[in-house]
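Okay, entry_15.cif is below, mmCIF, C-alpha atoms:
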```cif
data_start
#
loop_
_atom_site.label_atom_id
_atom_site.label_comp_id
_atom_site.auth_asym_id
_atom_site.auth_seq_id
_atom_site.Cartn_x
_atom_site.Cartn_y
_atom_site.Cartn_z
CA MET O 74 6.47 33.23 2.17
CA SER O 75 6.71 29.46 1.69
CA LEU O 76 4.96 29.70 -1.67
CA SER O 77 7.14 32.52 -3.01
CA PRO O 78 9.60 30.21 -4.83
CA ALA O 79 6.65 28.76 -6.77
CA ALA O 80 5.63 32.29 -7.81
CA ARG O 81 9.07 32.64 -9.40
CA GLY O 82 8.88 29.24 -11.10
CA VAL O 83 11.70 27.62 -9.14
CA GLY O 84 9.80 24.97 -7.21
CA ASP O 85 8.34 25.37 -3.79
CA ASN O 86 8.95 24.61 -0.14
CA ASN O 87 7.15 21.89 1.75
CA VAL O 88 4.72 23.31 4.29
CA PHE O 89 2.96 21.86 7.31
CA LEU O 90 -0.08 23.68 8.70
CA HIS O 91 -1.34 22.47 12.04
CA GLY O 92 -3.64 23.68 14.74
CA LYS O 93 -7.03 23.26 16.30
CA ALA O 94 -10.07 22.46 14.18
CA GLY O 95 -11.93 25.42 12.75
CA GLN O 96 -9.01 27.84 12.67
CA GLY O 97 -9.06 28.22 8.88
CA LYS O 98 -6.03 26.17 7.86
CA THR O 99 -7.75 24.61 4.86
CA ALA O 100 -9.41 27.88 3.83
CA ALA O 101 -6.08 29.73 4.07
CA ALA O 102 -4.26 27.10 2.01
CA LYS O 103 -6.96 27.10 -0.68
CA ALA O 104 -7.03 30.92 -0.80
CA LYS O 105 -3.25 31.20 -1.19
CA LEU O 106 -3.16 28.47 -3.83
CA SER O 107 -5.94 30.26 -5.71
CA GLU O 108 -3.89 33.48 -5.65
CA LEU O 109 -0.82 31.60 -6.81
CA GLN O 110 -2.77 29.91 -9.61
CA ALA O 111 -4.09 33.31 -10.78
CA HIS O 112 -0.52 34.64 -10.77
CA ALA O 113 0.63 31.60 -12.78
CA GLU O 114 -2.07 32.20 -15.38
CA GLU O 115 -0.92 35.82 -15.77
CA GLU O 116 2.69 34.65 -16.13
CA SER O 117 1.84 31.59 -18.24
CA GLU O 118 4.91 32.02 -20.45
CA HIS O 119 7.26 31.76 -17.47
CA LEU O 120 5.38 29.92 -14.77
CA ASP O 121 4.24 26.31 -15.03
CA LEU O 122 2.14 25.46 -11.96
CA THR O 123 -0.15 22.57 -11.16
CA THR O 124 -1.99 22.10 -7.88
CA ALA O 125 -3.84 19.09 -6.51
CA TYR O 126 -5.99 19.08 -3.37
CA VAL O 127 -6.61 15.77 -1.61
CA SER O 128 -8.77 15.53 1.48
CA CYS O 129 -7.51 12.42 3.20
CA GLU O 130 -10.42 12.37 5.64
CA SER O 131 -13.35 12.72 3.27
CA HIS O 132 -12.01 10.16 0.78
CA ASP O 133 -11.06 7.60 3.45
CA ILE O 134 -7.41 7.92 2.49
CA SER O 135 -5.63 6.12 5.29
CA THR O 136 -2.62 4.67 3.45
CA SER O 137 0.11 5.86 1.11
CA TYR O 138 -1.39 3.62 -1.57
CA LYS O 139 -4.75 5.38 -1.38
CA ALA O 140 -3.07 8.80 -1.27
CA ALA O 141 -0.94 8.03 -4.34
CA SER O 142 -4.02 6.72 -6.14
CA ARG O 143 -5.96 9.90 -5.38
CA ILE O 144 -3.03 12.15 -6.33
CA TYR O 145 -2.70 10.28 -9.63
CA GLN O 146 -6.41 10.80 -10.25
CA GLU O 147 -6.17 14.53 -9.48
CA LEU O 148 -3.16 15.01 -11.76
CA THR O 149 -4.48 13.03 -14.73
CA ASP O 150 -8.27 13.36 -14.51
CA ASN O 151 -8.38 9.58 -14.92
CA SER O 152 -10.28 7.27 -12.61
CA ARG O 153 -8.50 6.14 -9.46
CA PRO O 154 -6.26 3.20 -10.29
CA THR O 155 -6.68 0.07 -8.22
CA GLY O 156 -5.15 -3.38 -8.19
CA TYR O 157 -1.55 -2.28 -8.68
CA ALA O 158 1.33 -2.89 -6.32
CA THR O 159 2.22 0.20 -4.29
CA ASP O 160 5.56 0.60 -6.10
CA VAL O 161 3.83 0.51 -9.48
CA LEU O 162 1.22 3.02 -8.38
CA MET O 163 3.88 5.37 -7.02
CA ASP O 164 5.73 5.09 -10.35
CA MET O 165 2.49 5.95 -12.16
CA MET O 166 2.05 9.02 -9.95
CA PHE O 167 5.62 10.21 -10.58
CA GLU O 168 5.31 9.54 -14.32
CA ALA O 169 2.19 11.73 -14.37
CA MET O 170 4.25 14.45 -12.69
CA ASN O 171 6.95 14.06 -15.35
CA GLU O 172 4.36 14.48 -18.09
CA ILE O 173 2.96 17.62 -16.43
CA GLY O 174 6.30 19.21 -15.50
CA GLY O 175 6.91 22.45 -13.62
CA THR O 176 5.97 23.14 -10.03
CA ILE O 177 3.44 20.67 -8.67
CA ILE O 178 1.94 21.50 -5.28
CA ILE O 179 0.00 18.72 -3.61
CA VAL O 180 -2.19 19.60 -0.63
CA LEU O 181 -2.84 16.69 1.71
CA ASP O 182 -5.58 17.85 4.06
CA GLU O 183 -6.08 15.90 7.29
CA ILE O 184 -2.69 14.33 6.66
CA ASP O 185 -2.74 12.72 10.09
CA THR O 186 -5.33 10.17 8.86
CA LEU O 187 -2.50 8.44 6.97
CA GLY O 188 -1.55 6.88 10.28
CA ASP O 189 1.57 4.73 10.31
CA ASP O 190 1.75 4.32 6.52
CA ASP O 191 3.67 7.49 5.76
CA ARG O 192 5.73 6.27 2.80
CA ILE O 193 4.24 8.91 0.54
CA LEU O 194 5.34 11.61 2.97
CA TYR O 195 8.93 10.45 2.47
CA SER O 196 8.68 9.86 -1.29
CA LEU O 197 7.13 13.14 -2.44
CA PRO O 198 9.56 15.59 -0.79
CA ARG O 199 12.53 13.47 -1.92
CA ALA O 200 11.25 12.85 -5.45
CA ARG O 201 13.91 14.99 -7.16
CA ALA O 202 16.80 13.78 -5.00
CA GLN O 203 15.81 10.15 -5.55
CA ASP O 204 15.33 10.67 -9.34
CA TYR O 205 11.66 9.72 -9.16
CA VAL O 206 10.95 12.82 -11.26
CA GLU O 207 12.92 14.56 -13.98
CA ASP O 208 14.85 17.81 -13.59
CA HIS O 209 11.96 19.92 -14.93
CA VAL O 210 9.59 18.77 -12.17
CA PHE O 211 9.40 20.45 -8.75
CA PRO O 212 6.93 18.59 -6.49
CA SER O 213 6.08 19.82 -3.01
CA ILE O 214 3.55 19.10 -0.29
CA ILE O 215 1.33 21.24 1.85
CA GLY O 216 0.28 19.02 4.73
CA ILE O 217 -2.65 20.11 6.90
CA SER O 218 -3.46 18.55 10.26
#
```
Now, as a test, write the supplied structure out as structure tokens.
Amino acid sequence: MSLSPAARGVGDNNVFLHGKAGQGKTAAAKAKLSELQAHAEEESEHLDLTTAYVSCESHDISTSYKAASRIYQELTDNSRPTGYATDVLMDMMFEAMNEIGGTIIIVLDEIDTLGDDDRILYSLPRARAQDYVEDHVFPSIIGIS
């Protein structure tokens, strides 16, 4: 139900999946995103959808900087940027979203490994309200813990 707005091309809700290890949270999220992506391809004239999956645990993503860098890489197919200030990197990530447009769903698996540096968790859901992205961009997060 949380992904249904994305199926209509009007953005998406933020979702948090949590539970014990091995219950299938990641598999369920990937399966539903795959179904949604197939639906978007069928409705390509009316539905602009981009998804990015980031495993925070397997890529040693323990900060918002590293998460933004990995998201940027996933969205652009460029190498992971390094050496930028966090604000600059976040701007790069949001600019990539502006270039892509439409509904952008970012899955952050093992989101709890971000620890105390949760800036990205505040920035992404508020991207439209804070004018980080343009009106034609609808970013959302699926957090898995």
Once the PyMOL selection byres ((chain O and resi 167-173) around 10) is applied to the coordinates I shared, what remains selected? I want it as number ranges by chain.
O: 121-123, 141, 144-146, 148-149, 161-166, 174-177, 196-197, 200, 204-212
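You will find atom CA of O:Ala113 at 25.3 Å from atom CA of O:Ala202.
Proximity ranking of O:Glu108, O:Thr186, O:Ala101, O:Ala158 relative to O:Ser131 places O:Thr186 first, based on all atoms listed in the file.
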Using the chain letters and numbers from this file, what does the PyMOL selection byres ((chain O and resi 129) around 7) select? Give the answer as a short mmCIF file (atom, residue, chain, number, x, y, z; two decimals) with C-alpha atoms, keeping the file's coordinate frame.
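See result_7.cif below for the written result:
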```cif
data_model
loop_
_atom_site.label_atom_id
_atom_site.label_comp_id
_atom_site.auth_asym_id
_atom_site.auth_seq_id
_atom_site.Cartn_x
_atom_site.Cartn_y
_atom_site.Cartn_z
CA VAL O 127 -6.61 15.77 -1.61
CA SER O 128 -8.77 15.53 1.48
CA GLU O 130 -10.42 12.37 5.64
CA SER O 131 -13.35 12.72 3.27
CA HIS O 132 -12.01 10.16 0.78
CA ASP O 133 -11.06 7.60 3.45
CA ILE O 134 -7.41 7.92 2.49
CA SER O 135 -5.63 6.12 5.29
CA LEU O 181 -2.84 16.69 1.71
CA ASP O 182 -5.58 17.85 4.06
CA GLU O 183 -6.08 15.90 7.29
CA ILE O 184 -2.69 14.33 6.66
CA THR O 186 -5.33 10.17 8.86
#
```
Quick check on the file I pasted: which residues fall under the PyMOL selection byres ((chain O and resi 180) around 6)? Write them as a list in words.
Tyr126, Val127, Ile179, Leu181, Ile214, Ile215 and Gly216 of chain O
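The space separating atom CA of O:Leu106 from atom CA of O:Thr124 comes to 7.6 Å.
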Which residue gives the smallest distance to O:Gly156 among O:Lys139, O:Lys98, O:Gly84, O:Asp191, with all atoms listed in the file counted?
O:Lys139
Report, in Å to a single decimal, how far apart atom CA of O:Met74 and atom CA of O:Asn87 are.
11.4 Å
Quick one: stretch 136-172 of chain O with N, CA and C atoms, as a PDB file, in the frame of the given file?
```pdb
ATOM      1  N   THR O 136      -3.895   5.305   3.772  1.00  0.00           N
ATOM      2  CA  THR O 136      -2.620   4.670   3.450  1.00  0.00           C
ATOM      3  C   THR O 136      -1.927   5.460   2.337  1.00  0.00           C
ATOM      4  N   SER O 137      -0.638   5.227   2.195  1.00  0.00           N
ATOM      5  CA  SER O 137       0.110   5.860   1.110  1.00  0.00           C
ATOM      6  C   SER O 137      -0.414   5.402  -0.245  1.00  0.00           C
ATOM      7  N   TYR O 138      -0.839   4.141  -0.321  1.00  0.00           N
ATOM      8  CA  TYR O 138      -1.390   3.620  -1.570  1.00  0.00           C
ATOM      9  C   TYR O 138      -2.617   4.435  -1.986  1.00  0.00           C
ATOM     10  N   LYS O 139      -3.538   4.631  -1.063  1.00  0.00           N
ATOM     11  CA  LYS O 139      -4.750   5.380  -1.380  1.00  0.00           C
ATOM     12  C   LYS O 139      -4.432   6.836  -1.701  1.00  0.00           C
ATOM     13  N   ALA O 140      -3.458   7.411  -1.001  1.00  0.00           N
ATOM     14  CA  ALA O 140      -3.070   8.800  -1.270  1.00  0.00           C
ATOM     15  C   ALA O 140      -2.460   8.915  -2.664  1.00  0.00           C
ATOM     16  N   ALA O 141      -1.562   8.000  -3.017  1.00  0.00           N
ATOM     17  CA  ALA O 141      -0.940   8.030  -4.340  1.00  0.00           C
ATOM     18  C   ALA O 141      -1.987   7.835  -5.438  1.00  0.00           C
ATOM     19  N   SER O 142      -2.941   6.951  -5.183  1.00  0.00           N
ATOM     20  CA  SER O 142      -4.020   6.720  -6.140  1.00  0.00           C
ATOM     21  C   SER O 142      -4.840   7.982  -6.367  1.00  0.00           C
ATOM     22  N   ARG O 143      -5.179   8.655  -5.297  1.00  0.00           N
ATOM     23  CA  ARG O 143      -5.960   9.900  -5.380  1.00  0.00           C
ATOM     24  C   ARG O 143      -5.155  11.020  -6.029  1.00  0.00           C
ATOM     25  N   ILE O 144      -3.876  11.136  -5.709  1.00  0.00           N
ATOM     26  CA  ILE O 144      -3.030  12.150  -6.330  1.00  0.00           C
ATOM     27  C   ILE O 144      -2.942  11.901  -7.836  1.00  0.00           C
ATOM     28  N   TYR O 145      -2.730  10.642  -8.213  1.00  0.00           N
ATOM     29  CA  TYR O 145      -2.700  10.280  -9.630  1.00  0.00           C
ATOM     30  C   TYR O 145      -3.990  10.707 -10.320  1.00  0.00           C
ATOM     31  N   GLN O 146      -5.119  10.422  -9.689  1.00  0.00           N
ATOM     32  CA  GLN O 146      -6.410  10.800 -10.250  1.00  0.00           C
ATOM     33  C   GLN O 146      -6.518  12.316 -10.424  1.00  0.00           C
ATOM     34  N   GLU O 147      -6.100  13.063  -9.412  1.00  0.00           N
ATOM     35  CA  GLU O 147      -6.170  14.530  -9.480  1.00  0.00           C
ATOM     36  C   GLU O 147      -5.272  15.085 -10.578  1.00  0.00           C
ATOM     37  N   LEU O 148      -4.109  14.499 -10.769  1.00  0.00           N
ATOM     38  CA  LEU O 148      -3.160  15.010 -11.760  1.00  0.00           C
ATOM     39  C   LEU O 148      -3.538  14.646 -13.186  1.00  0.00           C
ATOM     40  N   THR O 149      -4.216  13.526 -13.372  1.00  0.00           N
ATOM     41  CA  THR O 149      -4.480  13.030 -14.730  1.00  0.00           C
ATOM     42  C   THR O 149      -5.936  13.138 -15.159  1.00  0.00           C
ATOM     43  N   ASP O 150      -6.828  13.376 -14.232  1.00  0.00           N
ATOM     44  CA  ASP O 150      -8.270  13.360 -14.510  1.00  0.00           C
ATOM     45  C   ASP O 150      -8.753  11.983 -14.943  1.00  0.00           C
ATOM     46  N   ASN O 151      -7.963  10.956 -14.678  1.00  0.00           N
ATOM     47  CA  ASN O 151      -8.380   9.580 -14.920  1.00  0.00           C
ATOM     48  C   ASN O 151      -9.078   9.048 -13.677  1.00  0.00           C
ATOM     49  N   SER O 152      -9.683   7.877 -13.799  1.00  0.00           N
ATOM     50  CA  SER O 152     -10.280   7.270 -12.610  1.00  0.00           C
ATOM     51  C   SER O 152      -9.164   6.774 -11.698  1.00  0.00           C
ATOM     52  N   ARG O 153      -9.499   6.604 -10.425  1.00  0.00           N
ATOM     53  CA  ARG O 153      -8.500   6.140  -9.460  1.00  0.00           C
ATOM     54  C   ARG O 153      -8.054   4.727  -9.805  1.00  0.00           C
ATOM     55  N   PRO O 154      -6.758   4.550  -9.984  1.00  0.00           N
ATOM     56  CA  PRO O 154      -6.260   3.200 -10.290  1.00  0.00           C
ATOM     57  C   PRO O 154      -6.333   2.301  -9.068  1.00  0.00           C
ATOM     58  N   THR O 155      -6.647   1.062  -9.295  1.00  0.00           N
ATOM     59  CA  THR O 155      -6.680   0.070  -8.220  1.00  0.00           C
ATOM     60  C   THR O 155      -6.061  -1.221  -8.742  1.00  0.00           C
ATOM     61  N   GLY O 156      -5.652  -2.063  -7.818  1.00  0.00           N
ATOM     62  CA  GLY O 156      -5.150  -3.380  -8.190  1.00  0.00           C
ATOM     63  C   GLY O 156      -3.678  -3.418  -8.542  1.00  0.00           C
ATOM     64  N   TYR O 157      -2.985  -2.314  -8.413  1.00  0.00           N
ATOM     65  CA  TYR O 157      -1.550  -2.280  -8.680  1.00  0.00           C
ATOM     66  C   TYR O 157      -0.781  -2.437  -7.380  1.00  0.00           C
ATOM     67  N   ALA O 158       0.437  -2.884  -7.480  1.00  0.00           N
ATOM     68  CA  ALA O 158       1.330  -2.890  -6.320  1.00  0.00           C
ATOM     69  C   ALA O 158       1.638  -1.436  -5.976  1.00  0.00           C
ATOM     70  N   THR O 159       1.937  -1.178  -4.722  1.00  0.00           N
ATOM     71  CA  THR O 159       2.220   0.200  -4.290  1.00  0.00           C
ATOM     72  C   THR O 159       3.352   0.819  -5.086  1.00  0.00           C
ATOM     73  N   ASP O 160       4.428   0.074  -5.327  1.00  0.00           N
ATOM     74  CA  ASP O 160       5.560   0.600  -6.100  1.00  0.00           C
ATOM     75  C   ASP O 160       5.131   1.003  -7.506  1.00  0.00           C
ATOM     76  N   VAL O 161       4.310   0.206  -8.131  1.00  0.00           N
ATOM     77  CA  VAL O 161       3.830   0.510  -9.480  1.00  0.00           C
ATOM     78  C   VAL O 161       2.962   1.763  -9.457  1.00  0.00           C
ATOM     79  N   LEU O 162       2.090   1.857  -8.483  1.00  0.00           N
ATOM     80  CA  LEU O 162       1.220   3.020  -8.380  1.00  0.00           C
ATOM     81  C   LEU O 162       2.024   4.298  -8.128  1.00  0.00           C
ATOM     82  N   MET O 163       3.027   4.210  -7.269  1.00  0.00           N
ATOM     83  CA  MET O 163       3.880   5.370  -7.020  1.00  0.00           C
ATOM     84  C   MET O 163       4.610   5.767  -8.309  1.00  0.00           C
ATOM     85  N   ASP O 164       5.087   4.793  -9.064  1.00  0.00           N
ATOM     86  CA  ASP O 164       5.730   5.090 -10.350  1.00  0.00           C
ATOM     87  C   ASP O 164       4.755   5.775 -11.305  1.00  0.00           C
ATOM     88  N   MET O 165       3.512   5.325 -11.316  1.00  0.00           N
ATOM     89  CA  MET O 165       2.490   5.950 -12.160  1.00  0.00           C
ATOM     90  C   MET O 165       2.280   7.417 -11.762  1.00  0.00           C
ATOM     91  N   MET O 166       2.238   7.666 -10.460  1.00  0.00           N
ATOM     92  CA  MET O 166       2.050   9.020  -9.950  1.00  0.00           C
ATOM     93  C   MET O 166       3.223   9.908 -10.378  1.00  0.00           C
ATOM     94  N   PHE O 167       4.453   9.418 -10.213  1.00  0.00           N
ATOM     95  CA  PHE O 167       5.620  10.210 -10.580  1.00  0.00           C
ATOM     96  C   PHE O 167       5.715  10.396 -12.100  1.00  0.00           C
ATOM     97  N   GLU O 168       5.316   9.395 -12.860  1.00  0.00           N
ATOM     98  CA  GLU O 168       5.310   9.540 -14.320  1.00  0.00           C
ATOM     99  C   GLU O 168       4.302  10.609 -14.752  1.00  0.00           C
ATOM    100  N   ALA O 169       3.165  10.664 -14.075  1.00  0.00           N
ATOM    101  CA  ALA O 169       2.190  11.730 -14.370  1.00  0.00           C
ATOM    102  C   ALA O 169       2.810  13.093 -14.086  1.00  0.00           C
ATOM    103  N   MET O 170       3.572  13.189 -13.006  1.00  0.00           N
ATOM    104  CA  MET O 170       4.250  14.450 -12.690  1.00  0.00           C
ATOM    105  C   MET O 170       5.267  14.809 -13.784  1.00  0.00           C
ATOM    106  N   ASN O 171       5.997  13.818 -14.277  1.00  0.00           N
ATOM    107  CA  ASN O 171       6.950  14.060 -15.350  1.00  0.00           C
ATOM    108  C   ASN O 171       6.267  14.573 -16.612  1.00  0.00           C
ATOM    109  N   GLU O 172       5.106  14.037 -16.914  1.00  0.00           N
ATOM    110  CA  GLU O 172       4.360  14.480 -18.090  1.00  0.00           C
ATOM    111  C   GLU O 172       3.841  15.913 -17.923  1.00  0.00           C
TER     112      GLU O 172
END
```
